[in-house]
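S.K.: I have a structure here, written as structure tokens, and I will follow up with some questions on it.
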Amino acid sequence: MIKKLPLTLFFCFSASLLFLFAPAGAVAQKASLRTIIIDAGHGGKDHGAKGSYSYEKDICLAIALKLGKNLEDAFPEIKILYTRKTDVYPELKARADFANGNKGDLFLCVHVNAAPPIRHNKFAGYRNEVTYTGRGKKRKKHMQRVPKYTVYFTDNPSNGTETFIWAADRTDEKEKFIGEDVNTGEHVYDSTEFIP
């Protein structure tokens with residue numbers, strides 16, 4: 001399953017970007033995106049989630065490099081920059097500074113979080129169990145009712161693609177970017193609501 005996850009995320013991500021840049025009608029509009037920054041999450045000392053045989057940092061890097069290659073092939077007029085192309089760990093502030101310094105129009109941060117299936121215990125009734133008390137001649141046999149449970153697992157639901165205003169709450173210019181509600185620091189919008 002973990003082997004299929006990066007490919008699935010890659011194709012969904014690529015398809016959504018292709019639809020985003022598709023011209024409306026017969027008249028193609030001038031692209032408003034000139035620079036895309038691709039950030040492969042984690043890296044170096046930060047492994048991210050650990051799978052059965054891989055780390056999140058390695059999967060993120062592979063997806064980011066493939067995504068960048070596909071974007072470069074599909075849109076040669078757009079400059080594609082990477083926060084990392086090898087297994088290094090740029091600090092989070094350095095990633096934001098890199099994107100802002102290169103005047104990135106779009107910042108894509110790739111993460112593939114992992115979570116095990118959720119374990120559930122469901123009460124299924126009682127069973128009789130033999131227990132003994134005492135020792136030697138005083139030893140007695142007892143029947144005891146013990147609760148019986150059925151164990152089953154469910155997959156964790158996927159959150160889909162999420163859009164965040166990241167690091168805007170960590171600067172003095174935050175009011176300019178996020179408007180009135182500047183104290184919470186959490187402005188999360190689920191972009192899957194807008195997929196037709």
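Each chain of the structure tokens is named A, B, ... in the order shown, its residues numbered from 1; ligands are numbered from 1 in display order.
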Looking only at the backbone, which of the residues in stretch 32-119 of chain A does DSSP tag as strand (DSSP E), as a ChimeraX atom specification?

M.R.: /A:35-40,79-82,106-110,118-119

S.K.: Which polymer residues have any atom within 9 Å of an atom of A:Asp105, counting only C-alpha atoms, with same-chain residues fewer than 3 positions away left out, as a ChimeraX atom specification?

M.R.: /A:32-37,99-100

S.K.: So which residues touch A:Leu81 within 10 Å, counting only C-alpha atoms, skipping near sequence neighbours fewer than 3 positions away, as an NGL selection string?

M.R.: :A and (35-39 or 68 or 78 or 84-85 or 98-99 or 102 or 104 or 107)

S.K.: Give me, as JSON, numbers by chain, the residues of stretch 42-83 of chain A that a backbone DSSP run labels alpha helix (DSSP H).

M.R.: {"A": [56, 57, 58, 59, 60, 61, 62, 63, 64, 65, 66, 67, 68, 69, 70, 71, 72, 73, 74]}

S.K.: The selected residues should be written to file as a PDB file, in the first residue's frame (atoms: C-alpha atoms).

M.R.:
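Result written to again_12.pdb:
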ATOM      1  CA  GLU A  56       8.648   9.999   4.492  1.00  0.00           C
ATOM      2  CA  LYS A  57      11.658  12.176   3.608  1.00  0.00           C
ATOM      3  CA  ASP A  58      12.710   9.776   0.818  1.00  0.00           C
ATOM      4  CA  ILE A  59       9.205   9.466  -0.642  1.00  0.00           C
ATOM      5  CA  CYS A  60       8.696  13.254  -0.506  1.00  0.00           C
ATOM      6  CA  LEU A  61      11.975  13.868  -2.321  1.00  0.00           C
ATOM      7  CA  ALA A  62      11.155  11.342  -5.053  1.00  0.00           C
ATOM      8  CA  ILE A  63       7.674  12.828  -5.575  1.00  0.00           C
ATOM      9  CA  ALA A  64       9.001  16.408  -5.576  1.00  0.00           C
ATOM     10  CA  LEU A  65      11.661  15.613  -8.186  1.00  0.00           C
ATOM     11  CA  LYS A  66       9.177  13.769 -10.441  1.00  0.00           C
ATOM     12  CA  LEU A  67       6.605  16.539 -10.053  1.00  0.00           C
ATOM     13  CA  GLY A  68       9.209  19.161 -10.917  1.00  0.00           C
ATOM     14  CA  LYS A  69      10.355  17.217 -13.987  1.00  0.00           C
ATOM     15  CA  ASN A  70       6.753  16.864 -15.223  1.00  0.00           C
ATOM     16  CA  LEU A  71       6.067  20.566 -14.639  1.00  0.00           C
ATOM     17  CA  GLU A  72       9.277  21.559 -16.453  1.00  0.00           C
ATOM     18  CA  ASP A  73       8.284  19.382 -19.429  1.00  0.00           C
ATOM     19  CA  ALA A  74       4.673  20.614 -19.495  1.00  0.00           C
TER      20      ALA A  74
END
